[in-house]
Amino acid sequence: MILTSSAWVGLHAALRLRKTEEQLRQLRAALERFSGQMQYAGTPFVPLCKQTAKSVHGAVGTFFSLLGQEASLPDRATAGRTRRAAAQAGLILPDSALTALERLLDDFGQTDLETQVSQLRLTTEEIASLSEDLHTQMTGKCRSYALLGLTTGAAVLVLVL
């Protein structure tokens with residue numbers, strides 16, 4: 001039982017890492033779509049969030065849906081809405097990705113179109129870079145997490161016996 005539970009912890013950590021990488025890829029695609037819709041159709045922020053939510057599945061789609069809901073409430077402060085939506089949607093992102101999204105989305109619509117497109121491009125590039133870095137490291141890290149879980153379980157089992 002000890003060995004199994006420790007192995008499960010290691011495998012769970014590896015699964016979370018894979019889920020993070022998948023969410024970063026989906027987020028990158030969603031931001032690219034977001035940028036295209038904004039540039040070429042001139043879609044306002046709330047409908048843009050709703051359209052993006054429909055085109056993306058899972059936690060990233062839920063994130064954009066919640067973000068649109070938050071932005072449509074007139075009495076809600078814009079500061080922190082990105083983190084609130086990410087937490088409610090269950091996004092598992094690195095803090096640097098959340099910070100980049102906050103810089104972009106918390107005050108979105110407060111500047112001119114050119115500045116917004118530039119901010120979107122920079123955030124998309126940052127998310128893409130994080131995704132690529134994680135993807136290159138993922139195989140080794142996943143194997144390490146699984147092995148660490150098994151090794152820890154074996155060590156605890158030996159100590160108990």
# chains A, B, ... in the order shown; residues from 1 in each chain; ligands from 1
$ residues_around --residues "Thr52 in chain A" --least-positions-apart "3" --cutoff "9 Å" --atoms "only C-alpha atoms" --output "PDB file with C-alpha atoms, in the first residue's frame"
ATOM      1  CA  ALA A  30      -6.588  30.556 -28.128  1.00  0.00           C
ATOM      2  CA  LEU A  31      -4.538  33.752 -27.851  1.00  0.00           C
ATOM      3  CA  ARG A  33      -7.340  33.200 -32.395  1.00  0.00           C
ATOM      4  CA  PHE A  34      -8.124  36.005 -29.942  1.00  0.00           C
ATOM      5  CA  PRO A  47     -17.842  38.725 -27.043  1.00  0.00           C
ATOM      6  CA  LEU A  48     -14.251  37.896 -27.940  1.00  0.00           C
ATOM      7  CA  CYS A  49     -13.888  35.893 -24.720  1.00  0.00           C
ATOM      8  CA  SER A  55     -13.534  27.313 -29.865  1.00  0.00           C
ATOM      9  CA  VAL A  56     -11.401  25.814 -27.068  1.00  0.00           C
ATOM     10  CA  GLY A  61     -12.290  27.267 -22.710  1.00  0.00           C
ATOM     11  CA  PHE A  64     -12.174  32.406 -21.304  1.00  0.00           C
ATOM     12  CA  SER A  65     -15.856  31.907 -20.506  1.00  0.00           C
TER      13      SER A  65
END
$ residues_around --residues "Glu22 in chain A" --least-positions-apart "2" --cutoff "10 Å" --atoms "only C-alpha atoms" --output "MDAnalysis selection string"
chainID A and resid 16:20 24:28 60 92:93 131 134:135
$ write_last_selection --atoms "all heavy atoms" --output "compact mmCIF listing (two decimals), in the first residue's frame"
# COMPACT_ATOMS: atom_id res chain seq x y z
N ARG A 16 0.18 15.91 -13.95
CA ARG A 16 -0.03 17.37 -13.84
C ARG A 16 0.91 18.14 -14.78
O ARG A 16 0.51 19.13 -15.38
CB ARG A 16 0.19 17.84 -12.40
CG ARG A 16 -0.97 17.54 -11.48
CD ARG A 16 -0.72 18.05 -10.07
NE ARG A 16 -0.46 19.45 -9.98
CZ ARG A 16 -1.38 20.39 -9.81
NH1 ARG A 16 -2.64 20.05 -9.73
NH2 ARG A 16 -1.05 21.66 -9.70
N LEU A 17 2.12 17.66 -14.91
CA LEU A 17 3.08 18.29 -15.81
C LEU A 17 2.60 18.20 -17.26
O LEU A 17 2.66 19.17 -18.01
CB LEU A 17 4.45 17.65 -15.65
CG LEU A 17 5.62 18.34 -16.32
CD1 LEU A 17 5.84 19.72 -15.71
CD2 LEU A 17 6.87 17.50 -16.17
N ARG A 18 2.11 17.03 -17.64
CA ARG A 18 1.57 16.87 -19.00
C ARG A 18 0.35 17.75 -19.23
O ARG A 18 0.17 18.32 -20.30
CB ARG A 18 1.21 15.40 -19.24
CG ARG A 18 2.40 14.53 -19.49
CD ARG A 18 1.97 13.15 -20.00
NE ARG A 18 3.12 12.41 -20.42
CZ ARG A 18 3.71 11.47 -19.70
NH1 ARG A 18 3.24 11.17 -18.49
NH2 ARG A 18 4.76 10.84 -20.15
N LYS A 19 -0.49 17.84 -18.20
CA LYS A 19 -1.69 18.68 -18.31
C LYS A 19 -1.31 20.16 -18.44
O LYS A 19 -1.92 20.89 -19.22
CB LYS A 19 -2.56 18.46 -17.06
CG LYS A 19 -3.96 18.97 -17.19
CD LYS A 19 -4.79 18.52 -15.99
CE LYS A 19 -6.22 18.87 -16.19
NZ LYS A 19 -7.06 18.41 -15.08
N THR A 20 -0.30 20.58 -17.72
CA THR A 20 0.18 21.96 -17.82
C THR A 20 0.67 22.25 -19.24
O THR A 20 0.33 23.29 -19.82
CB THR A 20 1.33 22.21 -16.81
OG1 THR A 20 0.82 22.04 -15.50
CG2 THR A 20 1.90 23.61 -16.95
N LEU A 24 -0.93 24.96 -21.84
CA LEU A 24 -0.12 26.03 -22.45
C LEU A 24 -0.28 26.03 -23.97
O LEU A 24 -0.40 27.09 -24.59
CB LEU A 24 1.35 25.88 -22.06
CG LEU A 24 1.73 26.31 -20.65
CD1 LEU A 24 3.16 25.90 -20.33
CD2 LEU A 24 1.55 27.80 -20.47
N ARG A 25 -0.30 24.85 -24.59
CA ARG A 25 -0.50 24.78 -26.05
C ARG A 25 -1.88 25.30 -26.44
O ARG A 25 -2.02 26.05 -27.40
CB ARG A 25 -0.32 23.34 -26.55
CG ARG A 25 1.12 22.94 -26.75
CD ARG A 25 1.27 21.58 -27.43
NE ARG A 25 0.88 20.51 -26.52
CZ ARG A 25 -0.15 19.68 -26.71
NH1 ARG A 25 -0.89 19.78 -27.77
NH2 ARG A 25 -0.43 18.74 -25.84
N GLN A 26 -2.91 24.90 -25.68
CA GLN A 26 -4.26 25.37 -25.97
C GLN A 26 -4.38 26.87 -25.76
O GLN A 26 -5.05 27.57 -26.53
CB GLN A 26 -5.28 24.65 -25.08
CG GLN A 26 -5.52 23.22 -25.44
CD GLN A 26 -6.53 22.57 -24.50
OE1 GLN A 26 -6.76 23.04 -23.38
NE2 GLN A 26 -7.11 21.47 -24.95
N LEU A 27 -3.73 27.36 -24.74
CA LEU A 27 -3.76 28.79 -24.45
C LEU A 27 -3.09 29.59 -25.56
O LEU A 27 -3.58 30.65 -25.97
CB LEU A 27 -3.08 29.06 -23.11
CG LEU A 27 -3.24 30.43 -22.49
CD1 LEU A 27 -4.70 30.78 -22.31
CD2 LEU A 27 -2.53 30.47 -21.15
N ARG A 28 -1.99 29.07 -26.07
CA ARG A 28 -1.30 29.73 -27.18
C ARG A 28 -2.22 29.82 -28.40
O ARG A 28 -2.35 30.88 -29.01
CB ARG A 28 -0.03 28.96 -27.53
CG ARG A 28 0.69 29.52 -28.73
CD ARG A 28 1.84 28.64 -29.12
NE ARG A 28 2.55 29.18 -30.27
CZ ARG A 28 3.54 28.58 -30.86
NH1 ARG A 28 3.99 27.44 -30.41
NH2 ARG A 28 4.12 29.13 -31.91
N VAL A 60 -9.13 25.63 -20.50
CA VAL A 60 -8.81 26.89 -21.19
C VAL A 60 -10.10 27.54 -21.71
O VAL A 60 -10.28 28.74 -21.60
CB VAL A 60 -7.78 26.66 -22.32
CG1 VAL A 60 -7.55 27.94 -23.11
CG2 VAL A 60 -6.47 26.16 -21.74
N ILE A 92 -3.75 24.83 -14.64
CA ILE A 92 -2.51 24.46 -13.95
C ILE A 92 -1.37 25.06 -14.76
O ILE A 92 -0.81 24.41 -15.63
CB ILE A 92 -2.36 22.93 -13.87
CG1 ILE A 92 -3.59 22.30 -13.24
CG2 ILE A 92 -1.12 22.56 -13.08
CD1 ILE A 92 -3.63 20.80 -13.35
N LEU A 93 -1.07 26.32 -14.50
CA LEU A 93 -0.06 27.04 -15.26
C LEU A 93 1.07 27.50 -14.37
O LEU A 93 0.86 27.76 -13.18
CB LEU A 93 -0.68 28.27 -15.93
CG LEU A 93 -1.80 28.03 -16.94
CD1 LEU A 93 -2.37 29.35 -17.42
CD2 LEU A 93 -1.30 27.22 -18.11
N SER A 131 5.81 26.83 -23.20
CA SER A 131 5.30 25.54 -23.68
C SER A 131 6.42 24.72 -24.31
O SER A 131 6.54 23.52 -24.05
CB SER A 131 4.17 25.77 -24.68
OG SER A 131 3.72 24.55 -25.21
N LEU A 134 8.87 23.50 -21.61
CA LEU A 134 8.27 22.41 -20.84
C LEU A 134 8.21 21.13 -21.67
O LEU A 134 8.48 20.04 -21.15
CB LEU A 134 6.88 22.81 -20.37
CG LEU A 134 6.19 21.89 -19.38
CD1 LEU A 134 7.03 21.72 -18.13
CD2 LEU A 134 4.82 22.44 -19.02
N HIS A 135 7.90 21.26 -22.94
CA HIS A 135 7.81 20.10 -23.82
C HIS A 135 9.17 19.39 -23.94
O HIS A 135 9.23 18.16 -23.91
CB HIS A 135 7.29 20.49 -25.20
CG HIS A 135 7.13 19.34 -26.13
ND1 HIS A 135 6.12 18.42 -25.98
CD2 HIS A 135 7.85 18.95 -27.20
CE1 HIS A 135 6.24 17.52 -26.92
NE2 HIS A 135 7.28 17.80 -27.68
